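A.B. asks: Below is the file my_file38.cif, with mmCIF, C-alpha atoms.
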data_start
loop_
_atom_site.group_PDB
_atom_site.id
_atom_site.type_symbol
_atom_site.label_atom_id
_atom_site.label_comp_id
_atom_site.auth_asym_id
_atom_site.auth_seq_id
_atom_site.Cartn_x
_atom_site.Cartn_y
_atom_site.Cartn_z
ATOM 1 C CA MET L 8 -12.906 0.586 -12.030
ATOM 2 C CA ASN L 9 -11.080 0.765 -15.403
ATOM 3 C CA ARG L 10 -13.820 3.052 -16.775
ATOM 4 C CA ILE L 11 -13.384 5.399 -13.824
ATOM 5 C CA VAL L 12 -9.621 5.575 -14.298
ATOM 6 C CA LEU L 13 -9.928 6.069 -18.079
ATOM 7 C CA SER L 14 -12.558 8.803 -17.855
ATOM 8 C CA THR L 15 -10.614 10.600 -15.127
ATOM 9 C CA THR L 16 -7.408 10.431 -17.141
ATOM 10 C CA LEU L 17 -9.071 11.798 -20.285
ATOM 11 C CA ALA L 18 -10.785 14.577 -18.349
ATOM 12 C CA LEU L 19 -7.618 15.807 -16.684
ATOM 13 C CA ALA L 20 -5.559 15.341 -19.837
ATOM 14 C CA ALA L 21 -7.954 17.737 -21.568
ATOM 15 C CA THR L 22 -7.684 20.312 -18.778
ATOM 16 C CA PRO L 23 -4.835 22.347 -20.360
ATOM 17 C CA PHE L 24 -6.818 22.744 -23.571
ATOM 18 C CA ALA L 25 -9.967 23.700 -21.707
ATOM 19 C CA MET L 26 -8.117 26.286 -19.630
ATOM 20 C CA HIS L 27 -6.295 27.606 -22.694
ATOM 21 C CA GLY L 28 -9.619 28.162 -24.382
ATOM 22 C CA ALA L 29 -11.172 30.009 -21.445
ATOM 23 C CA ASP L 30 -11.401 33.258 -23.366
ATOM 24 C CA PHE L 31 -14.547 34.223 -21.504
ATOM 25 C CA LEU L 32 -12.277 34.977 -18.537
ATOM 26 C CA GLU L 33 -10.711 37.964 -20.265
ATOM 27 C CA ASN L 34 -7.940 39.750 -18.388
ATOM 28 C CA THR L 35 -6.185 42.749 -19.894
ATOM 29 C CA ASN L 36 -3.396 42.479 -17.302
ATOM 30 C CA SER L 37 -2.515 38.842 -18.051
ATOM 31 C CA PRO L 38 1.210 38.078 -18.473
ATOM 32 C CA GLU L 39 2.802 37.748 -21.883
ATOM 33 C CA ASN L 40 3.134 33.970 -21.461
ATOM 34 C CA PRO L 41 0.147 32.736 -19.418
ATOM 35 C CA ASN L 42 0.783 29.031 -20.063
ATOM 36 C CA ARG L 43 3.451 27.131 -18.096
ATOM 37 C CA PHE L 44 4.743 23.603 -18.261
ATOM 38 C CA SER L 45 6.893 22.305 -15.386
ATOM 39 C CA PHE L 46 8.514 18.885 -15.293
ATOM 40 C CA GLY L 47 11.043 17.107 -13.123
ATOM 41 C CA PRO L 48 11.755 14.263 -10.686
ATOM 42 C CA THR L 49 9.964 13.871 -7.354
ATOM 43 C CA PHE L 50 10.438 11.998 -4.118
ATOM 44 C CA GLY L 51 7.768 11.117 -1.571
ATOM 45 C CA ILE L 52 8.164 10.323 2.113
ATOM 46 C CA ASN L 53 6.013 8.786 4.861
ATOM 47 C CA PHE L 54 4.363 6.087 2.760
ATOM 48 C CA LYS L 55 3.464 3.322 5.224
ATOM 49 C CA ALA L 56 2.883 -0.401 4.839
ATOM 50 C CA ASP L 57 0.976 -2.123 7.654
ATOM 51 C CA PHE L 58 0.960 -5.920 7.896
ATOM 52 C CA HIS L 59 -1.659 -7.809 9.921
ATOM 53 C CA ASN L 60 -2.770 -11.394 10.344
ATOM 54 C CA ASN L 61 -6.383 -12.542 10.472
ATOM 55 C CA ALA L 62 -5.737 -15.194 13.104
ATOM 56 C CA ASN L 63 -7.237 -15.964 16.498
ATOM 57 C CA PRO L 64 -4.840 -18.607 17.870
ATOM 58 C CA GLY L 65 -6.828 -19.154 21.064
ATOM 59 C CA PRO L 66 -5.454 -20.474 24.370
ATOM 60 C CA GLU L 67 -2.420 -22.758 24.617
ATOM 61 C CA ASN L 68 -2.232 -26.040 26.551
ATOM 62 C CA THR L 69 -6.030 -25.949 26.879
ATOM 63 C CA PRO L 70 -8.223 -28.764 25.491
ATOM 64 C CA ASP L 71 -11.511 -28.237 23.646
ATOM 65 C CA ALA L 72 -10.534 -24.784 22.300
ATOM 66 C CA ASN L 73 -10.769 -23.265 18.830
ATOM 67 C CA HIS L 74 -7.634 -22.047 17.064
ATOM 68 C CA THR L 75 -7.320 -20.124 13.769
ATOM 69 C CA TYR L 76 -4.011 -19.212 12.135
ATOM 70 C CA ASN L 77 -2.682 -17.603 8.976
ATOM 71 C CA ASP L 78 -1.832 -21.087 7.689
ATOM 72 C CA GLY L 79 -4.887 -23.054 8.819
ATOM 73 C CA TYR L 80 -7.188 -23.799 11.746
ATOM 74 C CA VAL L 81 -7.972 -26.398 14.400
ATOM 75 C CA LEU L 82 -11.587 -26.251 15.587
ATOM 76 C CA VAL L 83 -13.396 -28.298 18.198
ATOM 77 C CA GLY L 84 -15.408 -31.174 16.672
ATOM 78 C CA SER L 85 -19.094 -31.792 17.181
ATOM 79 C CA SER L 86 -19.174 -35.543 17.892
ATOM 80 C CA THR L 87 -19.055 -37.110 21.359
ATOM 81 C CA GLY L 88 -16.686 -39.844 22.434
ATOM 82 C CA PHE L 89 -13.569 -38.207 21.000
ATOM 83 C CA ASP L 90 -12.254 -36.233 23.960
ATOM 84 C CA ASN L 91 -9.672 -33.601 22.975
ATOM 85 C CA LEU L 92 -9.625 -34.845 19.355
ATOM 86 C CA THR L 93 -11.071 -33.241 16.248
ATOM 87 C CA GLY L 94 -11.391 -33.888 12.547
ATOM 88 C CA ASN L 95 -12.280 -30.253 11.869
ATOM 89 C CA TRP L 96 -8.900 -28.799 10.876
ATOM 90 C CA ASN L 97 -7.045 -27.349 7.894
ATOM 91 C CA TYR L 98 -3.453 -26.696 6.851
ATOM 92 C CA GLN L 99 -1.922 -24.816 3.873
ATOM 93 C CA TYR L 100 1.765 -25.752 3.501
ATOM 94 C CA ALA L 101 3.478 -29.145 3.283
ATOM 95 C CA SER L 102 6.231 -27.962 5.625
ATOM 96 C CA GLN L 103 3.708 -27.719 8.484
ATOM 97 C CA TYR L 104 3.738 -31.526 8.827
ATOM 98 C CA ASN L 105 6.509 -32.688 11.154
ATOM 99 C CA SER L 106 6.798 -36.395 10.359
ATOM 100 C CA VAL L 107 9.495 -36.934 12.998
ATOM 101 C CA ASN L 108 7.328 -35.708 15.875
ATOM 102 C CA GLY L 109 4.002 -36.706 14.296
ATOM 103 C CA THR L 110 2.548 -33.210 14.641
ATOM 104 C CA MET L 111 0.943 -30.441 12.605
ATOM 105 C CA GLN L 112 2.521 -27.037 13.213
ATOM 106 C CA PHE L 113 0.975 -23.599 12.830
ATOM 107 C CA LEU L 114 2.935 -20.329 12.766
ATOM 108 C CA LYS L 115 1.861 -17.378 14.916
ATOM 109 C CA SER L 116 3.091 -14.048 13.523
ATOM 110 C CA GLY L 117 2.106 -10.658 14.884
ATOM 111 C CA PRO L 118 1.275 -7.307 13.245
ATOM 112 C CA SER L 119 4.011 -4.957 12.051
ATOM 113 C CA SER L 120 4.552 -1.875 9.908
ATOM 114 C CA VAL L 121 7.277 -0.232 7.857
ATOM 115 C CA THR L 122 7.711 3.275 6.450
ATOM 116 C CA GLY L 123 9.390 3.493 3.047
ATOM 117 C CA ASN L 124 11.538 6.607 2.616
ATOM 118 C CA PRO L 125 11.853 7.916 0.034
ATOM 119 C CA GLN L 126 9.712 6.739 -2.877
ATOM 120 C CA TYR L 127 10.908 8.149 -6.208
ATOM 121 C CA GLY L 128 9.011 9.276 -9.300
ATOM 122 C CA GLY L 129 8.348 12.228 -11.563
ATOM 123 C CA GLU L 130 5.728 14.860 -12.345
ATOM 124 C CA PHE L 131 4.449 17.004 -15.231
ATOM 125 C CA ILE L 132 2.552 20.194 -14.277
ATOM 126 C CA TYR L 133 0.488 22.601 -16.393
ATOM 127 C CA GLN L 134 -0.511 26.048 -15.092
ATOM 128 C CA ARG L 135 -2.794 28.547 -16.799
ATOM 129 C CA VAL L 136 -2.728 32.117 -15.508
ATOM 130 C CA ILE L 137 -6.257 33.573 -15.539
ATOM 131 C CA GLY L 138 -5.988 36.879 -13.679
ATOM 132 C CA SER L 139 -4.064 39.168 -11.358
ATOM 133 C CA LEU L 140 -4.239 39.101 -7.585
ATOM 134 C CA PRO L 141 -6.097 42.135 -6.256
ATOM 135 C CA ALA L 142 -3.844 44.644 -4.436
ATOM 136 C CA LEU L 143 -0.844 42.297 -4.791
ATOM 137 C CA SER L 144 1.939 41.772 -7.287
ATOM 138 C CA GLY L 145 0.990 38.354 -8.530
ATOM 139 C CA ASP L 146 -1.366 36.149 -10.494
ATOM 140 C CA TRP L 147 -3.904 33.392 -10.012
ATOM 141 C CA GLY L 148 -5.060 30.546 -12.196
ATOM 142 C CA LEU L 149 -5.652 26.825 -12.494
ATOM 143 C CA GLU L 150 -3.122 24.017 -12.139
ATOM 144 C CA SER L 151 -3.220 20.389 -13.257
ATOM 145 C CA GLY L 152 -0.569 17.741 -12.762
ATOM 146 C CA PHE L 153 0.235 14.181 -13.686
ATOM 147 C CA GLY L 154 2.772 12.217 -11.667
ATOM 148 C CA PHE L 155 3.935 8.720 -10.900
ATOM 149 C CA THR L 156 5.622 7.170 -7.875
ATOM 150 C CA GLU L 157 7.416 3.837 -7.696
ATOM 151 C CA LEU L 158 6.447 2.043 -4.470
ATOM 152 C CA ASP L 159 8.823 -0.321 -2.668
ATOM 153 C CA MET L 160 8.344 -0.968 1.059
ATOM 154 C CA ARG L 161 9.974 -4.047 2.545
ATOM 155 C CA GLU L 162 10.253 -5.486 6.038
ATOM 156 C CA ASN L 163 12.942 -8.084 6.705
ATOM 157 C CA LEU L 164 11.809 -10.625 9.293
ATOM 158 C CA GLY L 165 13.987 -11.825 12.131
ATOM 159 C CA GLY L 166 14.011 -12.824 15.782
ATOM 160 C CA THR L 167 11.737 -15.490 17.206
ATOM 161 C CA ALA L 168 8.128 -16.541 16.750
ATOM 162 C CA THR L 169 5.732 -18.979 18.390
ATOM 163 C CA VAL L 170 4.718 -22.208 16.645
ATOM 164 C CA ASP L 171 1.727 -24.167 17.975
ATOM 165 C CA SER L 172 1.923 -27.950 17.549
ATOM 166 C CA PHE L 173 -0.973 -30.454 17.512
ATOM 167 C CA LEU L 174 -0.494 -34.234 17.797
ATOM 168 C CA LEU L 175 -1.662 -36.466 14.962
ATOM 169 C CA ASN L 176 -1.902 -39.384 17.419
ATOM 170 C CA GLY L 177 0.339 -41.739 15.462
ATOM 171 C CA VAL L 178 -1.517 -41.412 12.136
ATOM 172 C CA ALA L 179 0.621 -40.584 9.078
ATOM 173 C CA LEU L 180 -0.645 -37.588 7.114
ATOM 174 C CA ALA L 181 -2.013 -38.667 3.724
ATOM 175 C CA PHE L 182 -3.767 -35.460 2.655
ATOM 176 C CA PRO L 183 -2.088 -32.684 0.604
ATOM 177 C CA PRO L 184 -1.911 -29.015 1.654
ATOM 178 C CA GLY L 185 -5.324 -27.376 1.546
ATOM 179 C CA TYR L 186 -6.950 -30.315 3.339
ATOM 180 C CA ASN L 187 -10.185 -29.373 5.103
ATOM 181 C CA GLY L 188 -11.604 -31.771 7.657
ATOM 182 C CA GLY L 189 -15.269 -31.933 8.568
ATOM 183 C CA SER L 190 -17.077 -31.111 11.773
ATOM 184 C CA SER L 191 -17.648 -34.820 12.400
ATOM 185 C CA GLU L 192 -14.940 -36.938 14.026
ATOM 186 C CA SER L 193 -15.615 -39.622 11.418
ATOM 187 C CA ALA L 194 -13.165 -37.604 9.279
ATOM 188 C CA VAL L 195 -9.574 -38.856 9.393
ATOM 189 C CA PRO L 196 -6.989 -38.243 10.588
ATOM 190 C CA LEU L 197 -7.996 -36.972 14.008
ATOM 191 C CA LEU L 198 -5.952 -34.170 15.471
ATOM 192 C CA SER L 199 -5.513 -33.081 19.068
ATOM 193 C CA ASP L 200 -7.364 -29.825 19.736
ATOM 194 C CA THR L 201 -4.822 -28.768 22.385
ATOM 195 C CA ALA L 202 -2.159 -26.296 21.228
ATOM 196 C CA VAL L 203 1.355 -26.956 22.532
ATOM 197 C CA PRO L 204 3.519 -23.841 22.016
ATOM 198 C CA GLY L 205 7.127 -23.866 20.862
ATOM 199 C CA THR L 206 9.725 -21.300 19.840
ATOM 200 C CA ALA L 207 11.009 -20.872 16.283
ATOM 201 C CA THR L 208 13.730 -18.751 14.709
ATOM 202 C CA LEU L 209 12.083 -16.496 12.127
ATOM 203 C CA SER L 210 13.520 -15.191 8.847
ATOM 204 C CA GLY L 211 12.168 -13.945 5.520
ATOM 205 C CA TYR L 212 10.428 -10.767 4.389
ATOM 206 C CA GLN L 213 7.131 -9.143 3.508
ATOM 207 C CA LYS L 214 6.758 -6.210 1.149
ATOM 208 C CA LEU L 215 4.480 -3.957 -0.865
ATOM 209 C CA SER L 216 5.598 -2.781 -4.302
ATOM 210 C CA GLY L 217 3.902 -1.180 -7.274
ATOM 211 C CA HIS L 218 2.983 2.081 -8.981
ATOM 212 C CA LEU L 219 0.974 5.101 -7.839
ATOM 213 C CA PHE L 220 -0.184 7.500 -10.571
ATOM 214 C CA SER L 221 -1.523 10.896 -9.519
ATOM 215 C CA LEU L 222 -3.897 13.161 -11.421
ATOM 216 C CA ARG L 223 -4.546 16.438 -9.640
ATOM 217 C CA LEU L 224 -6.403 19.680 -10.315
ATOM 218 C CA GLY L 225 -6.938 22.895 -8.375
ATOM 219 C CA PRO L 226 -6.414 26.663 -8.268
ATOM 220 C CA PHE L 227 -3.120 28.405 -7.528
ATOM 221 C CA ALA L 228 -2.058 31.898 -6.447
ATOM 222 C CA GLU L 229 1.409 33.297 -7.133
ATOM 223 C CA LEU L 230 3.282 36.220 -5.569
ATOM 224 C CA ASN L 231 5.988 37.924 -7.619
ATOM 225 C CA PHE L 232 8.884 38.984 -5.392
ATOM 226 C CA THR L 233 10.874 40.261 -8.404
ATOM 227 C CA PRO L 234 10.314 40.021 -12.161
ATOM 228 C CA LYS L 235 12.245 36.726 -12.048
ATOM 229 C CA LEU L 236 11.427 35.209 -8.637
ATOM 230 C CA SER L 237 7.958 34.066 -7.540
ATOM 231 C CA LEU L 238 6.252 31.796 -5.018
ATOM 232 C CA ALA L 239 3.001 29.946 -5.796
ATOM 233 C CA ALA L 240 0.607 28.086 -3.501
ATOM 234 C CA SER L 241 -1.975 25.582 -4.720
ATOM 235 C CA VAL L 242 -4.747 23.408 -3.313
ATOM 236 C CA GLY L 243 -7.031 20.829 -4.887
ATOM 237 C CA LEU L 244 -8.042 17.194 -5.365
ATOM 238 C CA THR L 245 -5.840 14.237 -6.282
ATOM 239 C CA LEU L 246 -7.041 11.062 -7.986
ATOM 240 C CA ALA L 247 -4.475 8.256 -7.800
ATOM 241 C CA PRO L 248 -4.946 4.980 -9.729
ATOM 242 C CA THR L 249 -2.657 2.591 -7.822
ATOM 243 C CA THR L 250 -1.473 -0.962 -8.449
ATOM 244 C CA VAL L 251 0.203 -2.798 -5.552
ATOM 245 C CA ASP L 252 1.760 -6.252 -5.214
ATOM 246 C CA TYR L 253 1.907 -7.919 -1.798
ATOM 247 C CA ASP L 254 4.545 -10.612 -1.314
ATOM 248 C CA PHE L 255 5.647 -12.484 1.780
ATOM 249 C CA SER L 256 8.035 -15.301 2.606
ATOM 250 C CA GLU L 257 8.365 -16.614 6.153
ATOM 251 C CA ILE L 258 10.761 -19.305 7.318
ATOM 252 C CA ALA L 259 10.342 -20.608 10.870
ATOM 253 C CA THR L 260 13.036 -23.013 12.085
ATOM 254 C CA VAL L 261 12.082 -25.293 14.976
ATOM 255 C CA PRO L 262 14.000 -28.270 16.391
ATOM 256 C CA GLY L 263 13.882 -30.996 13.762
ATOM 257 C CA ASP L 264 11.844 -29.062 11.176
ATOM 258 C CA THR L 265 11.549 -25.908 9.057
ATOM 259 C CA ILE L 266 8.204 -24.294 8.204
ATOM 260 C CA THR L 267 8.235 -22.350 4.928
ATOM 261 C CA GLU L 268 5.291 -20.154 3.945
ATOM 262 C CA ASN L 269 4.916 -17.666 1.083
ATOM 263 C CA GLY L 270 2.272 -15.867 -0.925
ATOM 264 C CA HIS L 271 1.564 -13.206 -3.555
ATOM 265 C CA SER L 272 -1.396 -11.024 -4.506
ATOM 266 C CA SER L 273 -2.017 -7.943 -6.671
ATOM 267 C CA LYS L 274 -4.676 -5.255 -6.473
ATOM 268 C CA THR L 275 -5.579 -2.059 -8.352
ATOM 269 C CA LYS L 276 -7.662 0.682 -6.750
ATOM 270 C CA LEU L 277 -8.454 4.354 -7.316
ATOM 271 C CA LEU L 278 -7.243 6.342 -4.299
ATOM 272 C CA TYR L 279 -8.244 9.978 -3.764
ATOM 273 C CA GLY L 280 -7.826 12.926 -1.429
ATOM 274 C CA PRO L 281 -6.830 16.596 -1.110
ATOM 275 C CA TYR L 282 -3.413 18.178 -1.572
ATOM 276 C CA VAL L 283 -1.714 21.460 -0.651
ATOM 277 C CA GLY L 284 1.429 22.516 -2.479
ATOM 278 C CA GLY L 285 3.953 25.275 -3.022
ATOM 279 C CA MET L 286 6.372 26.131 -5.843
ATOM 280 C CA LEU L 287 9.326 28.548 -5.813
ATOM 281 C CA ARG L 288 10.166 29.552 -9.391
ATOM 282 C CA TYR L 289 13.057 31.493 -10.914
ATOM 283 C CA ASN L 290 12.866 32.668 -14.549
ATOM 284 C CA PHE L 291 16.040 33.023 -16.589
ATOM 285 C CA ASN L 292 14.089 34.724 -19.366
ATOM 286 C CA LYS L 293 10.472 35.042 -20.535
ATOM 287 C CA ASN L 294 10.332 31.389 -21.594
ATOM 288 C CA TRP L 295 12.619 29.279 -19.399
ATOM 289 C CA GLY L 296 13.144 28.902 -15.690
ATOM 290 C CA VAL L 297 13.670 26.411 -12.844
ATOM 291 C CA TYR L 298 11.599 25.515 -9.808
ATOM 292 C CA VAL L 299 11.593 23.655 -6.512
ATOM 293 C CA GLY L 300 8.355 22.455 -4.966
ATOM 294 C CA ALA L 301 6.797 20.730 -1.970
ATOM 295 C CA ARG L 302 3.392 19.147 -1.511
ATOM 296 C CA PHE L 303 1.366 17.552 1.279
ATOM 297 C CA GLN L 304 -1.069 14.865 0.159
ATOM 298 C CA ASN L 305 -3.782 12.905 1.962
ATOM 299 C CA LEU L 306 -4.983 9.789 0.096
ATOM 300 C CA THR L 307 -7.259 6.908 1.002
ATOM 301 C CA SER L 308 -5.709 3.494 1.740
ATOM 302 C CA LEU L 309 -5.513 0.196 -0.147
ATOM 303 C CA ASP L 310 -5.961 -3.204 1.546
ATOM 304 C CA GLN L 311 -5.320 -6.664 0.140
ATOM 305 C CA SER L 312 -5.186 -10.148 1.652
ATOM 306 C CA VAL L 313 -3.521 -13.473 0.903
ATOM 307 C CA GLY L 314 -2.769 -16.570 2.966
ATOM 308 C CA GLY L 315 -4.602 -15.317 6.056
ATOM 309 C CA ARG L 316 -2.601 -12.083 6.021
ATOM 310 C CA THR L 317 -3.642 -8.525 5.201
ATOM 311 C CA ALA L 318 -1.354 -5.731 3.972
ATOM 312 C CA ARG L 319 -2.358 -2.065 3.861
ATOM 313 C CA LEU L 320 -0.789 0.741 1.838
ATOM 314 C CA ASP L 321 -1.276 3.898 3.915
ATOM 315 C CA PRO L 322 -0.533 7.157 2.016
ATOM 316 C CA SER L 323 -2.720 9.295 4.289
ATOM 317 C CA VAL L 324 0.086 11.646 5.434
ATOM 318 C CA THR L 325 2.638 11.897 2.630
ATOM 319 C CA PHE L 326 4.984 14.688 1.601
ATOM 320 C CA TYR L 327 6.543 15.269 -1.809
ATOM 321 C CA GLY L 328 9.580 17.230 -2.862
ATOM 322 C CA SER L 329 10.320 18.120 -6.483
ATOM 323 C CA ALA L 330 12.620 20.176 -8.708
ATOM 324 C CA GLY L 331 12.901 20.755 -12.423
ATOM 325 C CA ALA L 332 12.512 23.121 -15.352
ATOM 326 C CA THR L 333 9.618 25.369 -16.434
ATOM 327 C CA TRP L 334 8.666 26.578 -19.907
ATOM 328 C CA SER L 335 6.259 29.463 -20.389
ATOM 329 C CA PHE L 336 4.491 30.381 -23.614
#
Kindly present the structure from the file in structure tokens form.
C.D. replies:
Amino acid sequence: MNRIVLSTTLALAATPFAMHGADFLENTNSPENPNRFSFGPTFGINFKADFHNNANPGPENTPDANHTYNDGYVLVGSSTGFDNLTGNWNYQYASQYNSVNGTMQFLKSGPSSVTGNPQYGGEFIYQRVIGSLPALSGDWGLESGFGFTELDMRENLGGTATVDSFLLNGVALAFPPGYNGGSSESAVPLLSDTAVPGTATLSGYQKLSGHLFSLRLGPFAELNFTPKLSLAASVGLTLAPTTVDYDFSEIATVPGDTITENGHSSKTKLLYGPYVGGMLRYNFNKNWGVYVGARFQNLTSLDQSVGGRTARLDPSVTFYGSAGATWSF
């Protein structure tokens, strides 16, 4: 992964020099300053974060049924003579044990999503004019760009949630979080395999945060409306090394108890996809000018899991706006 990112970065970083040395593409009508640097802040919209759980809670108030949750599981045992009891269960957080009621509690949370608008960053663009557009007042060439975007998408949790409770049958819990029972009922303590639902007040948050770096390359065509005003369109491929942190904290308050669950994970992945962009440029003189730009980008997604939960960064339909200065030479 790191080799891919490094080689891609070096290749695109060398693009301006390669295009500058493309003397074999001679053009007697090339502009006086065929090289352009553009730089400025950007903002991106329609980045999505989707949150899912990997649970299958199963039926409630029904004996001899399997139940899996984000914070553990209760599965039917294999031994006979232990009706509606099982030693095959697991829990992840100390707060799941309700010592007052003598039960183990498991939180049921559903899927959700959030769109973070906007996400801010910056971009540096290099353009090399190679030739003139046939029958039009304008030029064409190659464009490369390097950008970064700070990611921060957060969902604040609220409302109510369902908590399934399972009786410990009068046995005090003596095993720490992470306990895994066996399929045989000789394991202790035995737990009821019948889920009894209850209602909890939910609070907390879940979020995705991190950095998206974009390396893009493609051709552009530019129409000159006046000697100072022009409009360029570009299309090409984007490579986006991305690092994302997934954090969650859930607090479920039930009568006589509070269940607190949290987790963190990080992941780095190379995303990729096409882009289409436009740039309106105004030149004050032969060297300096300003621009505004817009770009549509379609990138692959990034998934990561922790604590029975999965979060997805979805940048498949994103739009960028930008503005800044240009220098031609």
A.B. asks: Do you have, as CSV, the list of residues of range 102-160 of chain L lying at most 8 Å from range 215-239 of chain L, each with its nearest atom pair and that distance in Å to one decimal, counting all atoms listed in the file and ordered by chain then number?
C.D. replies:
residue,atom,partner,partner_atom,distance
L:Leu140,CA,L:Ala228,CA,7.6
L:Leu143,CA,L:Leu230,CA,7.4
L:Ser144,CA,L:Asn231,CA,5.6
L:Gly145,CA,L:Leu230,CA,4.3
L:Asp146,CA,L:Glu229,CA,5.2
L:Trp147,CA,L:Ala228,CA,4.3
L:Gly148,CA,L:Phe227,CA,5.5
L:Leu149,CA,L:Pro226,CA,4.3
L:Glu150,CA,L:Gly225,CA,5.5
L:Ser151,CA,L:Leu224,CA,4.4
L:Gly152,CA,L:Arg223,CA,5.2
L:Phe153,CA,L:Leu222,CA,4.8
L:Gly154,CA,L:Ser221,CA,5.0
L:Phe155,CA,L:Phe220,CA,4.3
L:Thr156,CA,L:Leu219,CA,5.1
L:Glu157,CA,L:His218,CA,4.9
L:Leu158,CA,L:Ser216,CA,4.9
L:Asp159,CA,L:Ser216,CA,4.4
L:Met160,CA,L:Leu215,CA,5.3
A.B. asks: Could you check how far CA of Thr169 in chain L sits from CA of Tyr98 in chain L, in Å to one decimal?
C.D. replies: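 Separation between CA of Thr169 in chain L and CA of Tyr98 in chain L: 16.6 Å.
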A.B. asks: Taking into account all atoms listed in the file, which residue in the set L:Gln134, L:Asn40, L:Ser273, L:Asn53 is nearest to Phe303 in chain L?
C.D. replies: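 Of L:Gln134, L:Asn40, L:Ser273, L:Asn53, the one nearest Phe303 in chain L, counting all atoms listed in the file, is L:Asn53.
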A.B. asks: Please identify every residue of range 35-105 of chain L that has at least one atom no farther than 10 Å from an atom of range 315-319 of chain L, counting all atoms listed in the file, and for each give the shortest atom pair and the distance in Å to one decimal, arranged by chain then increasing number, as JSON lines.
C.D. replies:
{"residue": "L:Lys55", "atom": "CA", "partner": "L:Arg319", "partner_atom": "CA", "distance": 8.0}
{"residue": "L:Ala56", "atom": "CA", "partner": "L:Arg319", "partner_atom": "CA", "distance": 5.6}
{"residue": "L:Asp57", "atom": "CA", "partner": "L:Arg319", "partner_atom": "CA", "distance": 5.1}
{"residue": "L:Phe58", "atom": "CA", "partner": "L:Ala318", "partner_atom": "CA", "distance": 4.6}
{"residue": "L:His59", "atom": "CA", "partner": "L:Thr317", "partner_atom": "CA", "distance": 5.2}
{"residue": "L:Asn60", "atom": "CA", "partner": "L:Arg316", "partner_atom": "CA", "distance": 4.4}
{"residue": "L:Asn61", "atom": "CA", "partner": "L:Gly315", "partner_atom": "CA", "distance": 5.5}
{"residue": "L:Ala62", "atom": "CA", "partner": "L:Gly315", "partner_atom": "CA", "distance": 7.1}
{"residue": "L:Thr75", "atom": "CA", "partner": "L:Gly315", "partner_atom": "CA", "distance": 9.5}
{"residue": "L:Tyr76", "atom": "CA", "partner": "L:Gly315", "partner_atom": "CA", "distance": 7.2}
{"residue": "L:Asn77", "atom": "CA", "partner": "L:Gly315", "partner_atom": "CA", "distance": 4.2}
{"residue": "L:Asp78", "atom": "CA", "partner": "L:Gly315", "partner_atom": "CA", "distance": 6.6}
{"residue": "L:Gly79", "atom": "CA", "partner": "L:Gly315", "partner_atom": "CA", "distance": 8.2}
A.B. asks: May I ask which of the residues L:Thr208, L:Gln304, L:Asn294, L:Thr325 is the closest one to Phe44 in chain L, counting all atoms listed in the file?
C.D. replies: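 That would be L:Asn294, the residue with the smallest distance to Phe44 in chain L.
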A.B. asks: Measuring between all atoms listed in the file, which one of L:Asn176, L:Ser106, L:Asn124, L:Ser323 shows the shortest distance to Gly51 in chain L?
C.D. replies: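 Distance minimum relative to Gly51 in chain L lands on L:Asn124.
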A.B. asks: Go through L:Ala168, L:Leu244, L:Leu175, L:Val136 and flag the residue nearest Asp200 in chain L, using only C-alpha atoms for the distances.
C.D. replies: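 Closest residue, counting only C-alpha atoms: L:Leu175.
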A.B. asks: Determine, counting all atoms listed in the file, which protein, DNA and RNA residues have an atom within 9 Å of an atom of Pro66 in chain L; residues of the same chain fewer than 6 positions away are not included. Present the result as a VMD selection string.
C.D. replies: chain L and resid 72 to 74 201 to 202
A.B. asks: As an exercise, work out the distance from CA of Leu278 in chain L to CA of Thr307 in chain L in Å and give it to one decimal place.
C.D. replies: 5.3 Å
A.B. asks: Here's the selection I'm unsure about, the PyMOL selection byres ((chain L and resi 281) around 8); applied to the file above, which residues does it give, as an mmCIF file with C-alpha atoms, in the coordinates of the input?
C.D. replies:
data_model
loop_
_atom_site.group_PDB
_atom_site.id
_atom_site.type_symbol
_atom_site.label_atom_id
_atom_site.label_comp_id
_atom_site.auth_asym_id
_atom_site.auth_seq_id
_atom_site.Cartn_x
_atom_site.Cartn_y
_atom_site.Cartn_z
ATOM 1 C CA VAL L 242 -4.747 23.408 -3.313
ATOM 2 C CA GLY L 243 -7.031 20.829 -4.887
ATOM 3 C CA LEU L 244 -8.042 17.194 -5.365
ATOM 4 C CA THR L 245 -5.840 14.237 -6.282
ATOM 5 C CA TYR L 279 -8.244 9.978 -3.764
ATOM 6 C CA GLY L 280 -7.826 12.926 -1.429
ATOM 7 C CA TYR L 282 -3.413 18.178 -1.572
ATOM 8 C CA VAL L 283 -1.714 21.460 -0.651
ATOM 9 C CA GLN L 304 -1.069 14.865 0.159
ATOM 10 C CA ASN L 305 -3.782 12.905 1.962
ATOM 11 C CA LEU L 306 -4.983 9.789 0.096
#
A.B. asks: Please, what distance in Å, to one decimal, runs between CA of Thr250 in chain L and CA of Arg161 in chain L?
C.D. replies: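 Computed distance, CA of Thr250 in chain L to CA of Arg161 in chain L, equals 16.2 Å.
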A.B. asks: Just give me the residues with any atom within 12 Å of (3.5, -29.6, 3.6), file coordinates, counting only C-alpha atoms, written as a PyMOL selection string.
C.D. replies: chain L and resi 78-79+97-106+110-113+180-186+264-268
A.B. asks: Using the chain letters and numbers from the file, which residues does the PyMOL selection byres ((chain L and resi 163) around 6) grab, as a ChimeraX atom specification?
C.D. replies: /L:162,164,212
A.B. asks: Using only C-alpha atoms, which of L:Gly109, L:Gly211, L:Gly138, L:Gly47 sits nearest Ser172 in chain L?
C.D. replies: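 Closest residue, counting only C-alpha atoms: L:Gly109.
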A.B. asks: I need the residue nearest Phe336 in chain L from this list: L:Ser272, L:Asn292, L:Thr249, L:Ser120. Use only C-alpha atoms for the distance.
C.D. replies: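 Looking at the shortest contact to Phe336 in chain L, the residue is L:Asn292.
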